[in-house]
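Undergrad: My questions all concern the structure below.
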Amino acid sequence: MSEIEKAYIPNDVERDVSQKWTEFGVGKAVGKAKKKNFTMMMPPANVTGALHLGHAITLTIEDIIARHQRMTGMDVLWLPGTDHAGIATQNVVEKRLLEKGLSRENLGREKFIEKVWDWKKKYHARISNQIHKMGASCDWEREAFTLDDERSAAVTKAFIQLYKKKLIYRDKRLVNWCPRCKTVLSDIEVEHREEEGNLYFIRYFVSATDRSICVATTRPETMLGDTAVAVHPDDKRYQDFIGKELILPIVNREIKVIADKRVEMKFGTGAVKITPAHDQLDAAIGKDHHLESIVVIGPHGKMTKNAGRRFVGMPLHEARKAVIKYLDDIGNLEKIEKHDHSVGHCSRCDSVIEPLESMQWFVKMQPLAEKALKIVKKKQIEFVPARFEKEFTRWLDEIRDWCISRQLWWGHQLPVWYCKKVPEFADKRIRKKEGCQRVIVSEKPPKKCPSCGNLNLVQDPDVLDTWFSSGLWPFATLGWPKNTKDFRSFYPNTVLETGYDILFFWVARMVMLGAEFTGKSPFKTVYLHGLVRDELGRKMSKSLNNGIDPIEMIEKYGCDALRLSLVVGSTPGNDLKFSETKVTGQRNFVNKIWNASRYVFGVLGKNIEIPKSPAARTLPDRWILSRLNRLIDETNQAFEKYAFGEVAGKIQDFIWHDFCDWYLELTKEKPNKKILAHTLAQILRLAHPFVPFVTEKLWENFQPAKKKPKLLANEKYPKPIKAQINSKVEEEMQIILAIISAIRSVRAEMNVEPARKITVVIHAGKFEKFIKKQASEIKKLARLSSLVVKKSGQKVKNAVAKFDAGLEIYFPLAKLLDPKVEKKRLKSDLKESEIYLAVIAKKLANEDFTKRAPKNVVDSERAKLASVEDKIQKIEERLKILG
């Protein structure tokens with residue numbers, strides 16, 4: 001046994017323990033077919049920067065799962081990795097280049113990608129170091145990156161297989177376009193939020209008449225591309241307008257009035273303009289009515305030449321103003337009303353999304369969704385909490401085709417080549433074989449067109465949506481499409497642990513692609529944790545300046561304290577309120593473990609042996625063994641339900657209250673070394689998945705000096721000795737603890753000095769014999785001069801009374817304190833408190849203060865008021881007791 005430092009210094013311990021875990025290969029999976037395997041893939045962190053609290057809670061929960069499973073005898077593969085995060089990483093690198101006056105266009109594709117790889121190397125190293133700091137016991141030898149060679153080969157294979165099955169196709173459709181990122185986005189990459197705007201009422205005249213229809217729109221600039229006005233077929237106001245030709249203002253082009261049931265009669269005037277090129281609903285209506293699609297907004301967010309000479313090249317906000325002014329000048333602007341409406345924003349750069357017609361690549365989702373739904377219906381996948389299954393299936397039922405092409409440079413370039421026509425100035429011999437425009441999908445770059453032999457083949461410049469590669473993560477990480485040893489041993493995964501906010505982004509795609517390529521659900525259980533919010537329940541963001549850096553918390557308070565603050569009080573699928581105060585509280589608990597263990601090891605001395613089932617000779621010994629084994633039993637049950645917050649809370653309560661507050665104190669004079677050693681060893685085993693650093697370091701003290709050390713990480717997780725669980729013993733001990741607690745409470749309330757011995761009278765009822773038997777121990781522990789125990793009796797006069805656990809406990813005032821001295825002290829304290837109360841009340845009654853002072857200052861004053869009011873009430877109660 002080594003000498004335990006007086007104070008727990010987290011940074012020193014964490015550095016030492018991490019090195020030891022690395023030396024012993026903690027986290028390395030074996031992959032033997034005979035051994036029971038447990039597989040879990042770490043959600044790959046984006047290489048965009050540092051880890052945040054969302055990553056910290058993921059790593060904490062997953063490490064708890066991995067360590068617990070390893071201690072139950074499973075061969076655990078927890079595979080780490082990072083995500084190239086196409087659009088997000090490209091945006092970050094472009095911003096850095098912009099600061100230097102550069103752009104990706106200046107550099108060109110090849111050099112720009114080199115810059116992104118440099119970024120990836122730098123931030124991958126930082127992220128890996130941060131994952132280590134969180135205590136993650138993963139298998140670093142199997143680490144994967146979504147853009148490494150193996151994963152890239154899997155992505156290409158997946159694309160080709162889907163293409164051959166006609167599940168991937170190319171089409172010109174209206175897509176979500178980000179003008180800043182200059183790329184298409186999928187529906188779930190668009191964040192919709194309500195914003196203040198206007199509803200513009202514009203009058204369209206019937207051709208060659210003075211009759212008109214007034215339409216309402218939130219986007220007047222798109223009217224330049226209108227190809228119809230639509231009304232509901234049941235709307236009586238417009239029955240005789242249906243089929244009539246209208247003159248489109250400004251453009252002076254004729255457009256028809258059409259009837260369609262998708263028009264909302266209650267919106268605006270009930271007549272809406274139809275612009276198929278710039279609205280999803282309009283595109284659907286336009287398709288059904290065979291309307292022309294006129295593009296008036298380009299990919300850079302500026303008006304095209306189709307918008308007319310007056311507006312071409314204008315940014316959208318300028319074009320809107322110009323169109324409104326023109327309409328007003330010619331008398332076609334009826335009115336403008338305030339109107340809140342939903343606006344789509346890019347989830348990466350927050351720019352307003354523009355619906356734009358574009359040629360893109362899509363995945364046909366319905367066949368994939370049907371396979372995923374079968375998996376859910378056959379109960380081949382479990383959701384924790386179960387309520388998310390309904391949301392999952394609803395989304396699959398309503399799924400639309402997935403646009404997978406992105407106009408980016410960083411990512412998996414599409415394995416697609418086009419046979420192009422040879423330029424006119426090319427050599428005559430080459431020009432004989434002009435391109436046939438064939439689309440070629442191939443694993444490797446084709447040398448020539450298989451149809452016409454043309455050598456001028458051009459690869460599609462687009463890259464795949466990031467979620468395509470991460471959708472293959474559960475099996476691509478194990479070597480798929482090859483039938484590797486790891487794939488045979490560890491697929492399907494046992495558990496997927498992630499945040500509920502990417503249930504559709506990521507989880508659904510993995511289930512669909514897993515079912516398609518492997519014929520199985522990629523995992524058996526999906527555990528979804530909630531978002532980490534600030535202490536007021538707000539989402540953490542730069543704008544609110546309420547973000548907390550997990551690495552900073554580790555450096556200040558230690559990793560174990562941070563981990564506990566992220567799991568204690570948490571429940572699956574529910575958001576967690578987080579603050580630095582929580583971390584400081586858990587730091588105190590970690591110190592408690594250290595100090596209690598230091599005391600126990602001091603009692604045990606050298607050459608410690610851990611008995612498996614020590615004999616108990618006293619009530620406290622029997623009680624602590626009963627409580628310990630009950631805890632072990634409850635902990636194992638809670639682990640099966642994935643109730644990690646519940647497990648952590650139960651372990652914490654036992655260590656802090658049962659073991660430290662009571663057992664160690666009750667047995668100080670005559671400690672049972674075997675029970676102390678056994679209980680502490682079980683505590684360290686139980687707590688290890690939650691607080692791995694402090695427990696691993698303390699475990700060293702159980703190691704014989706000359707023998708090869710054994711790691712706590714490789715120990716067996718405790719199983720209950722059910723014969724030692726004794727409800728009667730626990731009930732009896734609870735009586736003793738209630739009596740001692742009542743005595744301590746009265747001592748504190750009545751300001752009785754610690755050294756003063758007092759008298760206590762107990763009316764014990766059915767516990768009379770038991771308490772008399774324990775009287776000497778109670779007197780010693782509670783520092784009593786006299787303890788009178790009766791079955792029942794009249795209420796003791798001139799005494800403080802406490803009622804607990806069916807007991808009446810009386811404290812005669814004459815033996816407790818000098819009433820005159822105490823009354824004098826209390827009256828003085830009361831006077832001071834009343835003066836202080838008046839000062840605070842006056843301040844809070846001042847409206848000028850409550851309105852102008854910062855909220856936190858006003859809240860602090862209100863808290864002071866409540867505190868002093870409570871104090872006054874307690875003083876008055878004590879004075880009443882003293883007469």
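Note on naming: chains are A, B, ... as they come in the structure tokens, residues start from 1 per chain, ligands start from 1 in the order shown.
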Can I get the residues of segment 43-86 of chain A within 6 Å of segment 673-695 of chain A, each with the closest pair of atoms and their distance in Å to one decimal, using only C-alpha atoms, sorted chain first then ascending number, as a Markdown table?
TA:
```
| residue | atom | partner | partner_atom | distance |
| --- | --- | --- | --- | --- |
| A:Ile64 | CA | A:Pro689 | CA | 4.6 |
| A:Arg67 | CA | A:Pro689 | CA | 5.3 |
| A:His68 | CA | A:Pro689 | CA | 5.8 |
```
Undergrad: Restricting the output to N, CA, C and O atoms, write the selected residues as a compact mmCIF listing (two decimals), in the first residue's frame.
TA:
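Below is the file that was written, again-v4.txt:
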```txt
# COMPACT_ATOMS: atom_id res chain seq x y z
N ILE A 64 -19.60 5.01 -19.19
CA ILE A 64 -20.28 4.29 -18.10
C ILE A 64 -20.76 2.93 -18.61
O ILE A 64 -20.54 1.90 -17.98
N ARG A 67 -17.58 0.61 -19.45
CA ARG A 67 -16.88 0.10 -18.25
C ARG A 67 -17.75 -0.91 -17.50
O ARG A 67 -17.25 -1.93 -17.02
N HIS A 68 -19.04 -0.62 -17.40
CA HIS A 68 -19.93 -1.55 -16.70
C HIS A 68 -20.00 -2.88 -17.44
O HIS A 68 -19.89 -3.96 -16.83
```
Undergrad: Which residues, written as a list in words, have at least one atom at most 12 Å from Phe267 of chain A, with only C-alpha atoms counted and residues fewer than 6 positions away on the same chain left out?
TA: Leu199, Phe201, Val215, Ala216, Thr217, Thr218, Val231, His232, His339 and His341 of chain A
Undergrad: Could those residues be written to a file, using all heavy atoms, as a PDB file, in the first residue's frame?
TA:
```pdb
ATOM      1  N   LEU A 199     -47.209  40.918 -45.126  1.00  0.00           N
ATOM      2  CA  LEU A 199     -48.043  40.283 -46.135  1.00  0.00           C
ATOM      3  C   LEU A 199     -48.402  41.379 -47.141  1.00  0.00           C
ATOM      4  O   LEU A 199     -48.984  42.411 -46.769  1.00  0.00           O
ATOM      5  CB  LEU A 199     -49.299  39.694 -45.483  1.00  0.00           C
ATOM      6  CG  LEU A 199     -50.097  38.668 -46.294  1.00  0.00           C
ATOM      7  CD1 LEU A 199     -49.217  37.483 -46.695  1.00  0.00           C
ATOM      8  CD2 LEU A 199     -51.282  38.179 -45.484  1.00  0.00           C
ATOM      9  N   PHE A 201     -50.299  42.745 -50.449  1.00  0.00           N
ATOM     10  CA  PHE A 201     -51.514  42.516 -51.231  1.00  0.00           C
ATOM     11  C   PHE A 201     -51.345  43.205 -52.594  1.00  0.00           C
ATOM     12  O   PHE A 201     -51.218  44.439 -52.667  1.00  0.00           O
ATOM     13  CB  PHE A 201     -52.737  43.066 -50.503  1.00  0.00           C
ATOM     14  CG  PHE A 201     -53.051  42.304 -49.234  1.00  0.00           C
ATOM     15  CD1 PHE A 201     -52.342  42.550 -48.056  1.00  0.00           C
ATOM     16  CD2 PHE A 201     -54.043  41.328 -49.218  1.00  0.00           C
ATOM     17  CE1 PHE A 201     -52.622  41.844 -46.887  1.00  0.00           C
ATOM     18  CE2 PHE A 201     -54.332  40.625 -48.056  1.00  0.00           C
ATOM     19  CZ  PHE A 201     -53.619  40.876 -46.885  1.00  0.00           C
ATOM     20  N   VAL A 215     -54.107  39.281 -54.731  1.00  0.00           N
ATOM     21  CA  VAL A 215     -53.410  38.129 -54.130  1.00  0.00           C
ATOM     22  C   VAL A 215     -52.551  38.612 -52.955  1.00  0.00           C
ATOM     23  O   VAL A 215     -52.100  39.760 -52.931  1.00  0.00           O
ATOM     24  CB  VAL A 215     -52.533  37.385 -55.158  1.00  0.00           C
ATOM     25  CG1 VAL A 215     -53.344  36.934 -56.349  1.00  0.00           C
ATOM     26  CG2 VAL A 215     -51.355  38.239 -55.598  1.00  0.00           C
ATOM     27  N   ALA A 216     -52.334  37.724 -51.999  1.00  0.00           N
ATOM     28  CA  ALA A 216     -51.499  38.061 -50.835  1.00  0.00           C
ATOM     29  C   ALA A 216     -50.248  37.193 -50.873  1.00  0.00           C
ATOM     30  O   ALA A 216     -50.320  35.988 -51.139  1.00  0.00           O
ATOM     31  CB  ALA A 216     -52.272  37.805 -49.547  1.00  0.00           C
ATOM     32  N   THR A 217     -49.083  37.797 -50.637  1.00  0.00           N
ATOM     33  CA  THR A 217     -47.815  37.055 -50.658  1.00  0.00           C
ATOM     34  C   THR A 217     -46.840  37.627 -49.630  1.00  0.00           C
ATOM     35  O   THR A 217     -46.884  38.818 -49.316  1.00  0.00           O
ATOM     36  CB  THR A 217     -47.172  37.086 -52.051  1.00  0.00           C
ATOM     37  OG1 THR A 217     -45.942  36.353 -52.018  1.00  0.00           O
ATOM     38  CG2 THR A 217     -46.881  38.516 -52.509  1.00  0.00           C
ATOM     39  N   THR A 218     -45.963  36.769 -49.147  1.00  0.00           N
ATOM     40  CA  THR A 218     -44.887  37.233 -48.240  1.00  0.00           C
ATOM     41  C   THR A 218     -43.614  37.511 -49.032  1.00  0.00           C
ATOM     42  O   THR A 218     -42.673  38.085 -48.510  1.00  0.00           O
ATOM     43  CB  THR A 218     -44.582  36.170 -47.164  1.00  0.00           C
ATOM     44  OG1 THR A 218     -44.219  34.946 -47.814  1.00  0.00           O
ATOM     45  CG2 THR A 218     -45.780  35.936 -46.258  1.00  0.00           C
ATOM     46  N   VAL A 231     -56.839  29.569 -56.831  1.00  0.00           N
ATOM     47  CA  VAL A 231     -57.903  29.739 -55.828  1.00  0.00           C
ATOM     48  C   VAL A 231     -58.453  28.355 -55.514  1.00  0.00           C
ATOM     49  O   VAL A 231     -58.266  27.395 -56.278  1.00  0.00           O
ATOM     50  CB  VAL A 231     -59.035  30.659 -56.347  1.00  0.00           C
ATOM     51  CG1 VAL A 231     -58.533  32.052 -56.601  1.00  0.00           C
ATOM     52  CG2 VAL A 231     -59.684  30.065 -57.606  1.00  0.00           C
ATOM     53  N   HIS A 232     -59.140  28.246 -54.381  1.00  0.00           N
ATOM     54  CA  HIS A 232     -59.758  26.970 -54.033  1.00  0.00           C
ATOM     55  C   HIS A 232     -61.011  26.764 -54.880  1.00  0.00           C
ATOM     56  O   HIS A 232     -61.797  27.713 -55.066  1.00  0.00           O
ATOM     57  CB  HIS A 232     -60.115  26.942 -52.537  1.00  0.00           C
ATOM     58  CG  HIS A 232     -60.415  25.573 -52.019  1.00  0.00           C
ATOM     59  ND1 HIS A 232     -61.636  24.949 -52.234  1.00  0.00           N
ATOM     60  CD2 HIS A 232     -59.659  24.709 -51.311  1.00  0.00           C
ATOM     61  CE1 HIS A 232     -61.597  23.756 -51.664  1.00  0.00           C
ATOM     62  NE2 HIS A 232     -60.405  23.580 -51.095  1.00  0.00           N
ATOM     63  N   HIS A 339     -47.144  40.519 -40.627  1.00  0.00           N
ATOM     64  CA  HIS A 339     -47.504  39.100 -40.698  1.00  0.00           C
ATOM     65  C   HIS A 339     -46.311  38.243 -40.250  1.00  0.00           C
ATOM     66  O   HIS A 339     -45.211  38.341 -40.811  1.00  0.00           O
ATOM     67  CB  HIS A 339     -47.892  38.739 -42.146  1.00  0.00           C
ATOM     68  CG  HIS A 339     -48.182  37.289 -42.360  1.00  0.00           C
ATOM     69  ND1 HIS A 339     -49.322  36.674 -41.878  1.00  0.00           N
ATOM     70  CD2 HIS A 339     -47.472  36.315 -43.008  1.00  0.00           C
ATOM     71  CE1 HIS A 339     -49.305  35.403 -42.218  1.00  0.00           C
ATOM     72  NE2 HIS A 339     -48.199  35.152 -42.902  1.00  0.00           N
ATOM     73  N   HIS A 341     -44.420  34.749 -40.083  1.00  0.00           N
ATOM     74  CA  HIS A 341     -44.429  33.534 -40.907  1.00  0.00           C
ATOM     75  C   HIS A 341     -43.146  32.740 -40.675  1.00  0.00           C
ATOM     76  O   HIS A 341     -42.156  33.246 -40.142  1.00  0.00           O
ATOM     77  CB  HIS A 341     -44.609  33.881 -42.390  1.00  0.00           C
ATOM     78  CG  HIS A 341     -43.508  34.736 -42.964  1.00  0.00           C
ATOM     79  ND1 HIS A 341     -42.808  34.383 -44.068  1.00  0.00           N
ATOM     80  CD2 HIS A 341     -42.988  35.928 -42.556  1.00  0.00           C
ATOM     81  CE1 HIS A 341     -41.906  35.314 -44.337  1.00  0.00           C
ATOM     82  NE2 HIS A 341     -42.005  36.265 -43.430  1.00  0.00           N
TER      83      HIS A 341
END
```
Undergrad: Any idea what's packed within 10 Å of Arg630 of chain A, counting only C-alpha atoms, ignoring anything in its chain fewer than 6 positions away? Could you give it as a list in words?
TA: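 The contact residues come out as Ile624, Pro720, Ile721, Lys722, Gln724, Ile725, Asn726 and Ser727 of chain A.
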Undergrad: From the set A:Gly602, A:Ala853, A:Glu552, A:Arg219, which residue has the shortest atom-to-atom contact distance to Gly197 of chain A, counting only C-alpha atoms?
TA: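 Ranking A:Gly602, A:Ala853, A:Glu552, A:Arg219 by distance to Gly197 of chain A, first place goes to A:Arg219.
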Undergrad: As a PyMOL selection string, please: every residue in segment 41-175 of chain A that DSSP puts in helix (DSSP H, G or I).
TA: chain A and resi 53-71+86-99+104-107+109-133+140-142+149-164
Undergrad: Which residues come within 10 Å of segment 476-490 of chain A, counting only C-alpha atoms, excluding same-chain residues fewer than 6 positions away, as a PyMOL selection string?
TA: chain A and resi 29-41+75-77+79-81+142-146+150-155+157-158+469-470+514+517-518
Undergrad: Please report, as a count of residues only, each residue of segment 298-417 of chain A to which DSSP assigns strand (DSSP E) when run on this structure's backbone.
TA: 33
Undergrad: Find, counting only C-alpha atoms, the residue in A:Asn846, A:Gln586, A:Asn332, A:Asn176 that gets nearest to Cys214 of chain A.
TA: A:Asn332
